[in-house]
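For reference, upload-v8.pdb (PDB, C-alpha atoms, pLDDT in the B column):
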```pdb
ATOM      1  CA  LYS A   1     -44.405 -34.492 -12.393  1.00 51.00           C
ATOM      2  CA  GLN A   2     -45.445 -34.887  -8.771  1.00 52.00           C
ATOM      3  CA  LYS A   3     -49.031 -36.046  -8.318  1.00 57.00           C
ATOM      4  CA  THR A   4     -51.347 -34.360  -5.848  1.00 66.00           C
ATOM      5  CA  ALA A   5     -53.050 -36.582  -3.279  1.00 74.00           C
ATOM      6  CA  TYR A   6     -56.617 -35.849  -2.206  1.00 84.00           C
ATOM      7  CA  GLU A   7     -58.379 -37.039   0.924  1.00 88.00           C
ATOM      8  CA  ILE A   8     -61.841 -38.556   1.010  1.00 90.00           C
ATOM      9  CA  TYR A   9     -63.745 -39.930   3.989  1.00 90.00           C
ATOM     10  CA  GLN A  10     -66.388 -42.616   4.273  1.00 89.00           C
ATOM     11  CA  CYS A  11     -69.362 -41.398   6.285  1.00 85.00           C
ATOM     12  CA  ASP A  12     -72.884 -42.322   7.214  1.00 80.00           C
ATOM     13  CA  TRP A  13     -76.081 -40.828   8.591  1.00 67.00           C
ATOM     14  CA  SER A  14     -75.524 -39.706  12.147  1.00 60.00           C
ATOM     15  CA  SER A  15     -77.459 -37.825  14.780  1.00 51.00           C
ATOM     16  CA  ASP A  16     -74.094 -36.255  15.699  1.00 56.00           C
ATOM     17  CA  VAL A  17     -74.963 -33.403  13.330  1.00 56.00           C
ATOM     18  CA  CYS A  18     -77.452 -32.309  15.991  1.00 57.00           C
ATOM     19  CA  SER A  19     -74.634 -31.840  18.496  1.00 60.00           C
ATOM     20  CA  SER A  20     -73.422 -28.334  19.277  1.00 64.00           C
ATOM     21  CA  ASP A  21     -69.916 -29.314  20.452  1.00 73.00           C
ATOM     22  CA  LEU A  22     -68.464 -31.002  17.360  1.00 77.00           C
ATOM     23  CA  PRO A  23     -64.879 -29.927  16.512  1.00 84.00           C
ATOM     24  CA  TYR A  24     -65.987 -29.388  12.909  1.00 83.00           C
ATOM     25  CA  ASP A  25     -68.987 -28.121  10.950  1.00 83.00           C
ATOM     26  CA  PRO A  26     -70.393 -31.074   8.978  1.00 79.00           C
ATOM     27  CA  LEU A  27     -72.116 -28.744   6.497  1.00 81.00           C
ATOM     28  CA  LYS A  28     -69.311 -26.232   5.910  1.00 89.00           C
ATOM     29  CA  ASP A  29     -66.106 -28.265   6.325  1.00 91.00           C
ATOM     30  CA  PHE A  30     -66.911 -30.994   3.782  1.00 91.00           C
ATOM     31  CA  THR A  31     -68.253 -31.363   0.265  1.00 92.00           C
ATOM     32  CA  GLY A  32     -70.334 -34.344  -0.813  1.00 91.00           C
ATOM     33  CA  VAL A  33     -68.642 -36.760  -3.209  1.00 93.00           C
ATOM     34  CA  ALA A  34     -70.944 -39.757  -3.598  1.00 92.00           C
ATOM     35  CA  LEU A  35     -73.892 -41.501  -1.997  1.00 90.00           C
ATOM     36  CA  ASN A  36     -73.415 -45.222  -2.503  1.00 90.00           C
ATOM     37  CA  ALA A  37     -76.020 -47.036  -0.381  1.00 90.00           C
ATOM     38  CA  THR A  38     -79.034 -46.571   1.850  1.00 90.00           C
ATOM     39  CA  ASN A  39     -80.460 -48.799   4.548  1.00 90.00           C
ATOM     40  CA  TYR A  40     -83.629 -49.122   6.561  1.00 93.00           C
ATOM     41  CA  LEU A  41     -84.753 -50.185   9.996  1.00 95.00           C
ATOM     42  CA  ALA A  42     -87.245 -52.776  11.149  1.00 96.00           C
ATOM     43  CA  VAL A  43     -89.828 -52.447  13.890  1.00 98.00           C
ATOM     44  CA  VAL A  44     -90.506 -55.802  15.535  1.00 98.00           C
ATOM     45  CA  ALA A  45     -92.908 -57.004  18.203  1.00 97.00           C
ATOM     46  CA  HIS A  46     -93.335 -59.941  20.536  1.00 94.00           C
ATOM     47  CA  PRO A  47     -95.468 -62.641  18.816  1.00 93.00           C
ATOM     48  CA  THR A  48     -98.191 -62.216  21.448  1.00 93.00           C
ATOM     49  CA  ALA A  49     -98.319 -58.407  21.205  1.00 96.00           C
ATOM     50  CA  PRO A  50    -101.890 -57.033  20.875  1.00 96.00           C
ATOM     51  CA  PHE A  51    -101.251 -56.077  17.230  1.00 97.00           C
ATOM     52  CA  LYS A  52    -100.019 -57.958  14.180  1.00 96.00           C
ATOM     53  CA  SER A  53     -99.399 -55.201  11.649  1.00 97.00           C
ATOM     54  CA  ALA A  54     -98.323 -51.579  11.373  1.00 97.00           C
ATOM     55  CA  ALA A  55    -101.934 -50.427  11.051  1.00 98.00           C
ATOM     56  CA  GLU A  56    -102.941 -52.375  14.153  1.00 98.00           C
ATOM     57  CA  MET A  57     -99.936 -51.089  16.108  1.00 98.00           C
ATOM     58  CA  ILE A  58    -100.759 -47.467  15.326  1.00 98.00           C
ATOM     59  CA  LYS A  59    -104.425 -47.988  16.181  1.00 98.00           C
ATOM     60  CA  TRP A  60    -103.524 -49.711  19.468  1.00 98.00           C
ATOM     61  CA  ALA A  61    -101.007 -47.009  20.394  1.00 98.00           C
ATOM     62  CA  LYS A  62    -103.608 -44.286  19.806  1.00 98.00           C
ATOM     63  CA  ALA A  63    -106.112 -46.128  21.979  1.00 98.00           C
ATOM     64  CA  ASN A  64    -103.497 -46.711  24.702  1.00 97.00           C
ATOM     65  CA  PRO A  65    -101.407 -43.502  24.896  1.00 95.00           C
ATOM     66  CA  GLY A  66     -97.914 -44.083  26.277  1.00 94.00           C
ATOM     67  CA  LYS A  67     -98.381 -47.828  26.775  1.00 97.00           C
ATOM     68  CA  LEU A  68     -96.546 -48.861  23.620  1.00 98.00           C
ATOM     69  CA  THR A  69     -93.012 -49.643  24.799  1.00 97.00           C
ATOM     70  CA  LEU A  70     -90.195 -49.392  22.256  1.00 97.00           C
ATOM     71  CA  ALA A  71     -86.601 -50.544  22.748  1.00 97.00           C
ATOM     72  CA  SER A  72     -83.826 -48.854  20.764  1.00 96.00           C
ATOM     73  CA  ASN A  73     -80.052 -48.718  20.947  1.00 91.00           C
ATOM     74  CA  GLY A  74     -79.998 -45.368  22.734  1.00 88.00           C
ATOM     75  CA  GLU A  75     -81.514 -41.954  23.311  1.00 88.00           C
ATOM     76  CA  GLY A  76     -81.266 -39.699  20.273  1.00 86.00           C
ATOM     77  CA  GLY A  77     -79.852 -42.360  17.947  1.00 87.00           C
ATOM     78  CA  TYR A  78     -80.999 -43.063  14.406  1.00 89.00           C
ATOM     79  CA  PRO A  79     -83.497 -45.810  15.428  1.00 93.00           C
ATOM     80  CA  HIS A  80     -84.966 -43.694  18.225  1.00 94.00           C
ATOM     81  CA  LEU A  81     -85.411 -40.668  15.947  1.00 93.00           C
ATOM     82  CA  ALA A  82     -86.911 -42.871  13.214  1.00 95.00           C
ATOM     83  CA  PHE A  83     -89.660 -44.023  15.567  1.00 97.00           C
ATOM     84  CA  GLU A  84     -90.167 -40.544  17.012  1.00 97.00           C
ATOM     85  CA  LEU A  85     -90.837 -39.283  13.496  1.00 97.00           C
ATOM     86  CA  LEU A  86     -93.274 -42.125  12.837  1.00 98.00           C
ATOM     87  CA  ALA A  87     -95.140 -41.416  16.079  1.00 98.00           C
ATOM     88  CA  SER A  88     -95.284 -37.700  15.313  1.00 98.00           C
ATOM     89  CA  MET A  89     -96.562 -38.180  11.762  1.00 98.00           C
ATOM     90  CA  ALA A  90     -99.030 -40.944  12.674  1.00 98.00           C
ATOM     91  CA  GLY A  91    -100.249 -39.185  15.834  1.00 97.00           C
ATOM     92  CA  PHE A  92     -99.546 -41.605  18.655  1.00 98.00           C
ATOM     93  CA  LYS A  93     -97.460 -41.652  21.838  1.00 97.00           C
ATOM     94  CA  PHE A  94     -95.055 -44.330  23.065  1.00 98.00           C
ATOM     95  CA  LEU A  95     -92.657 -45.064  25.908  1.00 97.00           C
ATOM     96  CA  HIS A  96     -89.021 -45.177  24.803  1.00 97.00           C
ATOM     97  CA  VAL A  97     -86.784 -47.757  26.493  1.00 96.00           C
ATOM     98  CA  PRO A  98     -83.154 -46.955  25.562  1.00 95.00           C
ATOM     99  CA  TYR A  99     -80.412 -49.591  25.680  1.00 91.00           C
ATOM    100  CA  LYS A 100     -76.659 -49.240  25.377  1.00 84.00           C
ATOM    101  CA  GLY A 101     -76.516 -51.535  22.347  1.00 77.00           C
ATOM    102  CA  ALA A 102     -78.598 -53.532  19.899  1.00 79.00           C
ATOM    103  CA  THR A 103     -78.094 -57.050  21.282  1.00 82.00           C
ATOM    104  CA  GLN A 104     -80.371 -56.686  24.284  1.00 90.00           C
ATOM    105  CA  ILE A 105     -83.237 -55.342  22.160  1.00 94.00           C
ATOM    106  CA  SER A 106     -84.027 -58.676  20.515  1.00 92.00           C
ATOM    107  CA  THR A 107     -83.584 -60.518  23.807  1.00 93.00           C
ATOM    108  CA  ASP A 108     -86.103 -58.328  25.625  1.00 94.00           C
ATOM    109  CA  VAL A 109     -88.629 -58.273  22.772  1.00 96.00           C
ATOM    110  CA  ILE A 110     -88.507 -62.082  22.636  1.00 95.00           C
ATOM    111  CA  SER A 111     -88.865 -62.371  26.414  1.00 94.00           C
ATOM    112  CA  GLY A 112     -91.763 -59.898  26.451  1.00 93.00           C
ATOM    113  CA  GLN A 113     -90.001 -57.261  28.560  1.00 94.00           C
ATOM    114  CA  VAL A 114     -90.938 -54.684  25.918  1.00 96.00           C
ATOM    115  CA  LEU A 115     -93.699 -54.763  23.295  1.00 97.00           C
ATOM    116  CA  THR A 116     -91.629 -53.532  20.361  1.00 98.00           C
ATOM    117  CA  GLY A 117     -88.060 -52.876  19.284  1.00 97.00           C
ATOM    118  CA  ILE A 118     -86.401 -51.086  16.399  1.00 97.00           C
ATOM    119  CA  GLY A 119     -83.087 -51.872  14.735  1.00 94.00           C
ATOM    120  CA  SER A 120     -81.341 -53.326  11.718  1.00 90.00           C
ATOM    121  CA  TYR A 121     -83.568 -55.597   9.648  1.00 90.00           C
ATOM    122  CA  THR A 122     -80.578 -57.737   8.684  1.00 86.00           C
ATOM    123  CA  GLY A 123     -79.627 -58.216  12.331  1.00 87.00           C
ATOM    124  CA  MET A 124     -83.169 -59.118  13.377  1.00 91.00           C
ATOM    125  CA  SER A 125     -84.242 -61.218  10.395  1.00 90.00           C
ATOM    126  CA  PRO A 126     -83.027 -64.583  11.811  1.00 91.00           C
ATOM    127  CA  GLN A 127     -85.302 -64.149  14.846  1.00 93.00           C
ATOM    128  CA  ILE A 128     -88.147 -62.919  12.637  1.00 93.00           C
ATOM    129  CA  ASN A 129     -87.817 -65.903  10.305  1.00 92.00           C
ATOM    130  CA  ALA A 130     -87.724 -68.255  13.292  1.00 95.00           C
ATOM    131  CA  GLY A 131     -91.015 -66.810  14.548  1.00 94.00           C
ATOM    132  CA  ARG A 132     -89.542 -65.446  17.773  1.00 95.00           C
ATOM    133  CA  MET A 133     -90.373 -61.879  16.765  1.00 96.00           C
ATOM    134  CA  ARG A 134     -93.037 -60.445  14.464  1.00 97.00           C
ATOM    135  CA  LEU A 135     -92.065 -57.916  11.800  1.00 97.00           C
ATOM    136  CA  ILE A 136     -94.352 -54.885  12.006  1.00 98.00           C
ATOM    137  CA  GLY A 137     -92.795 -52.726   9.293  1.00 97.00           C
ATOM    138  CA  VAL A 138     -89.652 -51.165   7.851  1.00 96.00           C
ATOM    139  CA  THR A 139     -88.715 -47.506   7.515  1.00 96.00           C
ATOM    140  CA  ASN A 140     -87.862 -47.417   3.794  1.00 94.00           C
ATOM    141  CA  HIS A 141     -89.819 -44.896   1.718  1.00 93.00           C
ATOM    142  CA  GLN A 142     -90.915 -47.524  -0.808  1.00 93.00           C
ATOM    143  CA  ARG A 143     -90.962 -51.292  -1.196  1.00 93.00           C
ATOM    144  CA  VAL A 144     -87.427 -52.685  -0.826  1.00 90.00           C
ATOM    145  CA  PRO A 145     -86.231 -53.636  -4.356  1.00 86.00           C
ATOM    146  CA  ASN A 146     -84.826 -57.052  -3.433  1.00 80.00           C
ATOM    147  CA  ASN A 147     -87.433 -57.814  -0.753  1.00 86.00           C
ATOM    148  CA  LYS A 148     -90.774 -56.399  -1.869  1.00 90.00           C
ATOM    149  CA  ASP A 149     -92.775 -58.436   0.666  1.00 92.00           C
ATOM    150  CA  LEU A 150     -91.535 -56.315   3.562  1.00 94.00           C
ATOM    151  CA  PRO A 151     -94.338 -54.049   4.864  1.00 96.00           C
ATOM    152  CA  ILE A 152     -93.473 -50.350   4.836  1.00 97.00           C
ATOM    153  CA  PHE A 153     -94.856 -47.636   7.101  1.00 98.00           C
ATOM    154  CA  SER A 154     -95.035 -45.070   4.306  1.00 97.00           C
ATOM    155  CA  GLU A 155     -98.014 -46.873   2.790  1.00 96.00           C
ATOM    156  CA  LEU A 156     -99.929 -46.013   5.979  1.00 96.00           C
ATOM    157  CA  VAL A 157     -98.206 -42.721   6.783  1.00 97.00           C
ATOM    158  CA  PRO A 158     -97.677 -40.823   3.489  1.00 96.00           C
ATOM    159  CA  GLY A 159     -94.346 -39.024   3.348  1.00 96.00           C
ATOM    160  CA  TYR A 160     -92.700 -41.102   6.063  1.00 97.00           C
ATOM    161  CA  ASP A 161     -89.124 -41.883   5.087  1.00 96.00           C
ATOM    162  CA  MET A 162     -86.376 -42.732   7.545  1.00 94.00           C
ATOM    163  CA  ARG A 163     -83.541 -44.250   5.588  1.00 90.00           C
ATOM    164  CA  GLY A 164     -79.958 -44.253   6.707  1.00 87.00           C
ATOM    165  CA  TRP A 165     -77.237 -43.641   4.156  1.00 87.00           C
ATOM    166  CA  PHE A 166     -73.572 -44.346   3.451  1.00 90.00           C
ATOM    167  CA  GLY A 167     -71.361 -42.214   1.274  1.00 91.00           C
ATOM    168  CA  TYR A 168     -68.154 -40.261   0.819  1.00 93.00           C
ATOM    169  CA  VAL A 169     -67.122 -36.673   1.446  1.00 93.00           C
ATOM    170  CA  ALA A 170     -64.004 -34.627   0.778  1.00 94.00           C
ATOM    171  CA  PRO A 171     -62.632 -31.548   2.536  1.00 93.00           C
ATOM    172  CA  ALA A 172     -64.325 -28.308   1.507  1.00 93.00           C
ATOM    173  CA  GLY A 173     -62.411 -26.665  -1.323  1.00 92.00           C
ATOM    174  CA  THR A 174     -61.464 -29.884  -3.126  1.00 93.00           C
ATOM    175  CA  PRO A 175     -61.390 -29.038  -6.867  1.00 93.00           C
ATOM    176  CA  ARG A 176     -64.727 -29.669  -8.571  1.00 92.00           C
ATOM    177  CA  ASP A 177     -63.219 -31.787 -11.358  1.00 93.00           C
ATOM    178  CA  ILE A 178     -61.621 -34.071  -8.779  1.00 93.00           C
ATOM    179  CA  VAL A 179     -64.924 -34.465  -6.939  1.00 93.00           C
ATOM    180  CA  GLN A 180     -66.692 -35.272 -10.218  1.00 93.00           C
ATOM    181  CA  LYS A 181     -64.084 -37.913 -11.098  1.00 93.00           C
ATOM    182  CA  LEU A 182     -64.289 -39.499  -7.649  1.00 93.00           C
ATOM    183  CA  ASN A 183     -68.082 -39.596  -7.917  1.00 93.00           C
ATOM    184  CA  ALA A 184     -67.909 -41.379 -11.273  1.00 93.00           C
ATOM    185  CA  GLU A 185     -65.366 -43.940 -10.056  1.00 93.00           C
ATOM    186  CA  ILE A 186     -67.211 -44.712  -6.822  1.00 93.00           C
ATOM    187  CA  ASN A 187     -70.488 -45.161  -8.718  1.00 92.00           C
ATOM    188  CA  ARG A 188     -68.700 -47.473 -11.176  1.00 93.00           C
ATOM    189  CA  ALA A 189     -67.277 -49.563  -8.336  1.00 93.00           C
ATOM    190  CA  MET A 190     -70.697 -49.895  -6.676  1.00 92.00           C
ATOM    191  CA  GLN A 191     -72.075 -51.498  -9.848  1.00 91.00           C
ATOM    192  CA  LEU A 192     -69.418 -54.219  -9.986  1.00 93.00           C
ATOM    193  CA  PRO A 193     -71.230 -57.540  -9.437  1.00 92.00           C
ATOM    194  CA  GLU A 194     -69.023 -58.635  -6.537  1.00 93.00           C
ATOM    195  CA  VAL A 195     -69.414 -55.297  -4.746  1.00 92.00           C
ATOM    196  CA  ASN A 196     -73.124 -54.919  -5.458  1.00 90.00           C
ATOM    197  CA  SER A 197     -73.995 -58.443  -4.300  1.00 89.00           C
ATOM    198  CA  LYS A 198     -72.070 -58.026  -1.040  1.00 88.00           C
ATOM    199  CA  LEU A 199     -73.827 -54.785  -0.207  1.00 88.00           C
ATOM    200  CA  THR A 200     -77.324 -56.021  -1.066  1.00 86.00           C
ATOM    201  CA  GLY A 201     -76.598 -59.236   0.817  1.00 81.00           C
ATOM    202  CA  SER A 202     -75.926 -57.097   3.890  1.00 79.00           C
ATOM    203  CA  GLY A 203     -79.355 -55.496   3.628  1.00 82.00           C
ATOM    204  CA  LEU A 204     -78.236 -52.303   1.879  1.00 87.00           C
ATOM    205  CA  ILE A 205     -79.794 -50.699  -1.185  1.00 90.00           C
ATOM    206  CA  VAL A 206     -77.138 -49.638  -3.691  1.00 90.00           C
ATOM    207  CA  VAL A 207     -77.804 -46.236  -5.247  1.00 87.00           C
ATOM    208  CA  LYS A 208     -76.177 -44.289  -8.052  1.00 78.00           C
ATOM    209  CA  ILE A 209     -76.419 -40.526  -7.730  1.00 72.00           C
ATOM    210  CA  GLY A 210     -74.572 -37.878  -9.708  1.00 66.00           C
ATOM    211  CA  ARG A 211     -72.440 -35.304  -7.905  1.00 60.00           C
ATOM    212  CA  ALA A 212     -75.020 -32.541  -8.413  1.00 53.00           C
ATOM    213  CA  HIS A 213     -77.501 -34.388  -6.209  1.00 55.00           C
ATOM    214  CA  VAL A 214     -75.172 -35.441  -3.368  1.00 56.00           C
TER     215      VAL A 214
END
```
Show me this structure written as structure tokens.
Amino acid sequence: KQKTAYEIYQCDWSSDVCSSDLPYDPLKDFTGVALNATNYLAVVAHPTAPFKSAAEMIKWAKANPGKLTLASNGEGGYPHLAFELLASMAGFKFLHVPYKGATQISTDVISGQVLTGIGSYTGMSPQINAGRMRLIGVTNHQRVPNNKDLPIFSELVPGYDMRGWFGYVAPAGTPRDIVQKLNAEINRAMQLPEVNSKLTGSGLIVVKIGRAHV
């Protein structure tokens, strides 16, 4: 008996869903299969910045509207939108300084060209640990399970949550029983010690969510 092959695609959070010229409809053309990991961003500052914590940064930004400079990896990207949401919910204004990539962000925060930057915690942690940049806070909704000392903005701004995510989708119309089986197998694989440790070591938070909640 010939077996039927089914397609699945790995995907992640993307601001592309806001675009009006995509060749596909991300909500109608796919069905969710599994969510396997989430991540979070870090906001960092120059060590001599006029604030040392998230609370102090927000207070300073409110007292100095538009003077808080923030470097991100581009206009409308995940990091930029994460900080826009924080500013909106906390009630302060800032000046966005977009870059074409993430590398220059750390360089310019360290050199004092900008007061703050936002990006991957894993990518910035070596400079943070070396004291070249100060960690202000991370965008996870709660304390990070394997790094509970990281300060989170949601403790100051209730409801703030700007996690990224990684998961799998299948073409719309894929049989429900196939989607359920794929969900179960992907969740099983994510719990394998060698897979789990690699993902958490990369700064991701492994999650296990049933198909009904994807």
Hits from the PyMOL selection byres ((chain A and resi 83-87) around 10), listed as a PDB file with C-alpha atoms, in the coordinates of the input:
```pdb
ATOM      1  CA  LEU A  41     -84.753 -50.185   9.996  1.00 95.00           C
ATOM      2  CA  VAL A  43     -89.828 -52.447  13.890  1.00 98.00           C
ATOM      3  CA  ILE A  58    -100.759 -47.467  15.326  1.00 98.00           C
ATOM      4  CA  ALA A  61    -101.007 -47.009  20.394  1.00 98.00           C
ATOM      5  CA  LYS A  62    -103.608 -44.286  19.806  1.00 98.00           C
ATOM      6  CA  LEU A  70     -90.195 -49.392  22.256  1.00 97.00           C
ATOM      7  CA  SER A  72     -83.826 -48.854  20.764  1.00 96.00           C
ATOM      8  CA  GLY A  76     -81.266 -39.699  20.273  1.00 86.00           C
ATOM      9  CA  TYR A  78     -80.999 -43.063  14.406  1.00 89.00           C
ATOM     10  CA  PRO A  79     -83.497 -45.810  15.428  1.00 93.00           C
ATOM     11  CA  HIS A  80     -84.966 -43.694  18.225  1.00 94.00           C
ATOM     12  CA  LEU A  81     -85.411 -40.668  15.947  1.00 93.00           C
ATOM     13  CA  ALA A  82     -86.911 -42.871  13.214  1.00 95.00           C
ATOM     14  CA  SER A  88     -95.284 -37.700  15.313  1.00 98.00           C
ATOM     15  CA  MET A  89     -96.562 -38.180  11.762  1.00 98.00           C
ATOM     16  CA  ALA A  90     -99.030 -40.944  12.674  1.00 98.00           C
ATOM     17  CA  GLY A  91    -100.249 -39.185  15.834  1.00 97.00           C
ATOM     18  CA  PHE A  92     -99.546 -41.605  18.655  1.00 98.00           C
ATOM     19  CA  LYS A  93     -97.460 -41.652  21.838  1.00 97.00           C
ATOM     20  CA  PHE A  94     -95.055 -44.330  23.065  1.00 98.00           C
ATOM     21  CA  HIS A  96     -89.021 -45.177  24.803  1.00 97.00           C
ATOM     22  CA  GLY A 117     -88.060 -52.876  19.284  1.00 97.00           C
ATOM     23  CA  ILE A 118     -86.401 -51.086  16.399  1.00 97.00           C
ATOM     24  CA  THR A 139     -88.715 -47.506   7.515  1.00 96.00           C
ATOM     25  CA  PHE A 153     -94.856 -47.636   7.101  1.00 98.00           C
ATOM     26  CA  SER A 154     -95.035 -45.070   4.306  1.00 97.00           C
ATOM     27  CA  VAL A 157     -98.206 -42.721   6.783  1.00 97.00           C
ATOM     28  CA  TYR A 160     -92.700 -41.102   6.063  1.00 97.00           C
ATOM     29  CA  ASP A 161     -89.124 -41.883   5.087  1.00 96.00           C
ATOM     30  CA  MET A 162     -86.376 -42.732   7.545  1.00 94.00           C
TER      31      MET A 162
END
```
Item to check | Atom-to-atom span, atom CA of A:Asn147 and atom CA of A:Leu135, Å | outcome: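 The value is 13.4 Å.
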Item to check | Length of the atom CA of A:Thr48 to atom CA of A:Gln142 vector [Å] | outcome: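 Between atom CA of A:Thr48 and atom CA of A:Gln142 the gap works out to 27.6 Å.
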Checklist entry - Just so the selection is clear, what residues does the PyMOL selection byres ((chain A and resi 169) around 7) cover here, as a ChimeraX atom specification? => result /A:8-10,30-33,167-168,170-171
Next on the checklist: I'd like to know which of A:Ala189, A:Ala45, A:Val207, A:Gly101 is closest to A:Ile128, using only C-alpha atoms.
Outcome noted: A:Ala45
